[in-house]
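The structure file upload22.pdb is reproduced below (PDB, C-alpha atoms).
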```pdb
ATOM      1  CA  MET A   1      18.461-152.927  31.979  1.00  0.00           C
ATOM      2  CA  PRO A   2      18.661-154.590  28.569  1.00  0.00           C
ATOM      3  CA  ALA A   3      15.410-155.426  26.842  1.00  0.00           C
ATOM      4  CA  MET A   4      16.509-158.979  26.167  1.00  0.00           C
ATOM      5  CA  LEU A   5      19.235-160.998  27.795  1.00  0.00           C
ATOM      6  CA  ASN A   6      21.143-163.618  25.851  1.00  0.00           C
ATOM      7  CA  ALA A   7      21.873-166.996  27.458  1.00  0.00           C
ATOM      8  CA  GLN A   8      25.335-166.002  28.689  1.00  0.00           C
ATOM      9  CA  ALA A   9      24.022-162.749  30.182  1.00  0.00           C
ATOM     10  CA  VAL A  10      21.289-164.693  31.983  1.00  0.00           C
ATOM     11  CA  LEU A  11      23.831-167.101  33.458  1.00  0.00           C
ATOM     12  CA  ASN A  12      26.054-164.197  34.511  1.00  0.00           C
ATOM     13  CA  SER A  13      23.127-162.484  36.212  1.00  0.00           C
ATOM     14  CA  PHE A  14      22.847-165.187  38.891  1.00  0.00           C
ATOM     15  CA  VAL A  15      24.756-164.572  42.128  1.00  0.00           C
ATOM     16  CA  PRO A  16      25.056-167.249  44.792  1.00  0.00           C
ATOM     17  CA  VAL A  17      24.311-165.929  48.275  1.00  0.00           C
ATOM     18  CA  SER A  18      27.658-167.385  49.360  1.00  0.00           C
ATOM     19  CA  ARG A  19      29.422-164.530  47.516  1.00  0.00           C
ATOM     20  CA  PHE A  20      27.889-162.125  50.041  1.00  0.00           C
ATOM     21  CA  ASN A  21      29.170-164.322  52.870  1.00  0.00           C
ATOM     22  CA  LYS A  22      32.680-164.168  51.351  1.00  0.00           C
ATOM     23  CA  GLY A  23      32.730-160.365  51.571  1.00  0.00           C
ATOM     24  CA  GLU A  24      32.111-159.734  47.854  1.00  0.00           C
ATOM     25  CA  THR A  25      29.233-157.295  48.366  1.00  0.00           C
ATOM     26  CA  SER A  26      31.124-154.338  46.855  1.00  0.00           C
ATOM     27  CA  GLN A  27      32.017-156.390  43.774  1.00  0.00           C
ATOM     28  CA  ILE A  28      28.395-157.531  43.379  1.00  0.00           C
ATOM     29  CA  ILE A  29      27.157-153.933  43.656  1.00  0.00           C
ATOM     30  CA  SER A  30      29.625-152.907  40.938  1.00  0.00           C
ATOM     31  CA  GLU A  31      28.321-155.727  38.741  1.00  0.00           C
ATOM     32  CA  VAL A  32      24.735-154.592  39.347  1.00  0.00           C
ATOM     33  CA  LYS A  33      25.671-151.036  38.372  1.00  0.00           C
ATOM     34  CA  ASN A  34      27.155-152.375  35.120  1.00  0.00           C
ATOM     35  CA  ASP A  35      24.569-155.037  34.284  1.00  0.00           C
ATOM     36  CA  GLY A  36      21.489-153.444  35.837  1.00  0.00           C
ATOM     37  CA  ILE A  37      20.279-156.618  37.547  1.00  0.00           C
ATOM     38  CA  LYS A  38      21.387-159.655  39.540  1.00  0.00           C
ATOM     39  CA  PHE A  39      19.363-162.629  40.754  1.00  0.00           C
ATOM     40  CA  VAL A  40      20.473-163.917  44.155  1.00  0.00           C
ATOM     41  CA  VAL A  41      20.188-167.685  44.483  1.00  0.00           C
ATOM     42  CA  GLN A  42      20.346-169.836  47.581  1.00  0.00           C
ATOM     43  CA  ASN A  43      20.387-173.626  47.343  1.00  0.00           C
ATOM     44  CA  ASN A  44      19.991-173.237  43.556  1.00  0.00           C
ATOM     45  CA  ALA A  45      16.682-171.408  43.980  1.00  0.00           C
ATOM     46  CA  PRO A  46      16.120-167.710  43.228  1.00  0.00           C
ATOM     47  CA  GLU A  47      15.637-165.761  46.460  1.00  0.00           C
ATOM     48  CA  CYS A  48      15.671-162.096  45.448  1.00  0.00           C
ATOM     49  CA  VAL A  49      16.562-159.591  42.749  1.00  0.00           C
ATOM     50  CA  ILE A  50      19.004-156.719  43.034  1.00  0.00           C
ATOM     51  CA  LEU A  51      18.454-153.822  40.631  1.00  0.00           C
ATOM     52  CA  SER A  52      20.557-150.799  39.877  1.00  0.00           C
ATOM     53  CA  LEU A  53      18.922-147.505  40.786  1.00  0.00           C
ATOM     54  CA  LYS A  54      18.669-146.662  37.080  1.00  0.00           C
ATOM     55  CA  SER A  55      16.888-149.943  36.329  1.00  0.00           C
ATOM     56  CA  TYR A  56      14.532-149.483  39.277  1.00  0.00           C
ATOM     57  CA  GLN A  57      13.650-145.927  38.215  1.00  0.00           C
ATOM     58  CA  LYS A  58      13.012-147.157  34.658  1.00  0.00           C
ATOM     59  CA  ILE A  59      10.656-149.838  35.966  1.00  0.00           C
ATOM     60  CA  LEU A  60       8.764-147.248  38.036  1.00  0.00           C
ATOM     61  CA  GLU A  61       8.488-144.917  35.032  1.00  0.00           C
ATOM     62  CA  ASP A  62       7.256-147.753  32.815  1.00  0.00           C
ATOM     63  CA  LEU A  63       4.713-148.755  35.466  1.00  0.00           C
ATOM     64  CA  GLU A  64       3.454-145.180  35.761  1.00  0.00           C
ATOM     65  CA  ASP A  65       3.203-144.910  31.963  1.00  0.00           C
ATOM     66  CA  ALA A  66       1.246-148.180  31.841  1.00  0.00           C
ATOM     67  CA  GLU A  67      -1.133-147.011  34.585  1.00  0.00           C
ATOM     68  CA  LEU A  68      -1.739-143.699  32.795  1.00  0.00           C
ATOM     69  CA  ALA A  69      -2.295-145.513  29.499  1.00  0.00           C
ATOM     70  CA  ALA A  70      -4.831-147.811  31.189  1.00  0.00           C
ATOM     71  CA  ILE A  71      -6.693-144.793  32.571  1.00  0.00           C
ATOM     72  CA  ALA A  72      -6.687-143.141  29.143  1.00  0.00           C
ATOM     73  CA  PHE A  73      -7.964-146.307  27.437  1.00  0.00           C
ATOM     74  CA  GLU A  74     -10.678-146.679  30.080  1.00  0.00           C
ATOM     75  CA  ARG A  75     -11.812-143.098  29.603  1.00  0.00           C
ATOM     76  CA  GLU A  76     -11.763-143.469  25.838  1.00  0.00           C
ATOM     77  CA  ALA A  77     -13.807-146.671  26.074  1.00  0.00           C
ATOM     78  CA  LYS A  78     -16.436-144.943  28.192  1.00  0.00           C
ATOM     79  CA  LYS A  79     -16.624-142.069  25.724  1.00  0.00           C
ATOM     80  CA  SER A  80     -17.712-139.922  28.628  1.00  0.00           C
ATOM     81  CA  ARG A  81     -19.303-136.633  27.782  1.00  0.00           C
ATOM     82  CA  THR A  82     -17.523-133.499  28.890  1.00  0.00           C
ATOM     83  CA  ILE A  83     -19.200-130.184  29.596  1.00  0.00           C
ATOM     84  CA  PRO A  84     -17.359-126.934  28.928  1.00  0.00           C
ATOM     85  CA  PHE A  85     -16.748-124.818  32.038  1.00  0.00           C
ATOM     86  CA  GLU A  86     -18.443-121.827  30.404  1.00  0.00           C
ATOM     87  CA  LYS A  87     -21.626-123.844  29.873  1.00  0.00           C
ATOM     88  CA  ILE A  88     -21.714-124.880  33.543  1.00  0.00           C
ATOM     89  CA  LEU A  89     -21.326-121.243  34.577  1.00  0.00           C
ATOM     90  CA  ALA A  90     -24.113-120.147  32.210  1.00  0.00           C
ATOM     91  CA  GLU A  91     -26.489-122.895  33.393  1.00  0.00           C
ATOM     92  CA  ASN A  92     -25.961-121.756  36.983  1.00  0.00           C
ATOM     93  CA  GLY A  93     -26.248-118.043  36.266  1.00  0.00           C
ATOM     94  CA  ILE A  94     -22.617-117.326  37.118  1.00  0.00           C
ATOM     95  CA  SER A  95     -20.432-115.034  35.051  1.00  0.00           C
ATOM     96  CA  GLN A  96     -16.661-114.882  34.899  1.00  0.00           C
ATOM     97  CA  SER A  97     -16.830-111.434  36.514  1.00  0.00           C
ATOM     98  CA  ASP A  98     -18.781-113.024  39.417  1.00  0.00           C
ATOM     99  CA  LEU A  99     -15.925-115.480  39.897  1.00  0.00           C
ATOM    100  CA  ASP A 100     -13.285-112.757  39.612  1.00  0.00           C
ATOM    101  CA  ALA A 101     -15.069-110.733  42.309  1.00  0.00           C
ATOM    102  CA  VAL A 102     -14.875-113.551  44.871  1.00  0.00           C
ATOM    103  CA  SER A 103     -11.653-113.779  46.846  1.00  0.00           C
ATOM    104  CA  ASP A 104     -10.196-117.183  47.682  1.00  0.00           C
ATOM    105  CA  SER A 105     -10.800-116.596  51.383  1.00  0.00           C
ATOM    106  CA  GLU A 106     -14.561-116.375  50.797  1.00  0.00           C
ATOM    107  CA  ILE A 107     -14.856-119.862  49.335  1.00  0.00           C
ATOM    108  CA  GLU A 108     -15.667-122.739  51.668  1.00  0.00           C
ATOM    109  CA  ILE A 109     -15.490-126.302  50.464  1.00  0.00           C
ATOM    110  CA  GLU A 110     -17.346-128.879  52.495  1.00  0.00           C
TER     111      GLU A 110
END
```
In structure tokens, write the structure found in this file.
Amino acid sequence: MPAMLNAQAVLNSFVPVSRFNKGETSQIISEVKNDGIKFVVQNNAPECVILSLKSYQKILEDLEDAELAAIAFEREAKKSRTIPFEKILAENGISQSDLDAVSDSEIEIE
């Protein structure tokens, strides 16, 4: 999907719902694959958006990136203190050899 649409591209991205009624669905899908997006209008009002799979996947990736960035910024703002794993073990009197000696089947998590 292009970052910016010029005026002609915007006008070309509108599809009247009547084109679907005329059996032009395959042609519209081809246009969506080429252009990335179409806005379906009914009675001169936008009703829905049709996206190509590539455009949809890009939107999902961008959304995920934005959510991860928000989490990172939030964590950075909190400046939360982290404790090294080794320090936690030492404070609780546990050595790495103690952990190595325990099989996974012996650990119960409640």
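One distance worth recording is that between CA of Ile71 in chain A and CA of Ile83 in chain A, which is 19.5 Å.
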For range 37-42 of chain A, find every residue with an atom within 6 Å (counting only C-alpha atoms), except residues of its own chain fewer than 5 positions away, and show them as a PyMOL selection string.
chain A and resi 13-17+32+47-51
Would you work out the distance separating CA of Glu76 in chain A from CA of Lys58 in chain A, expressed in Å to one decimal?
26.6 Å
Return the single residue from A:Thr82, A:Asn34, A:Ser103, A:Asn92 that is closest to Ala9 in chain A, with distances computed using all atoms listed in the file.
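Of all the options, A:Asn34 lies closest to Ala9 in chain A.
Across A:Lys33, A:Arg75, A:Lys87, A:Arg19, the tightest approach to Ser55 in chain A is made by A:Lys33 when counting all atoms listed in the file.
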Box in all listed atoms of range 12-27 of chain A, axis-aligned, with 4 Å more on each side; write out centre and edge lengths in Å to one decimal as lines of an AutoDock Vina configuration file.
```
center_x = 27.8
center_y = -160.9
center_z = 43.7
size_x = 17.9
size_y = 21.0
size_z = 26.4
```
Between CA of Ile29 in chain A and CA of Ala66 in chain A, distance in Å (one decimal):
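For CA of Ile29 in chain A relative to CA of Ala66 in chain A, the distance reads 29.1 Å.
Candidate residues A:Asp62, A:Glu91, A:Asp98, A:Asp35 were compared for distance to Asn12 in chain A, and the nearest is A:Asp35, using only C-alpha atoms.
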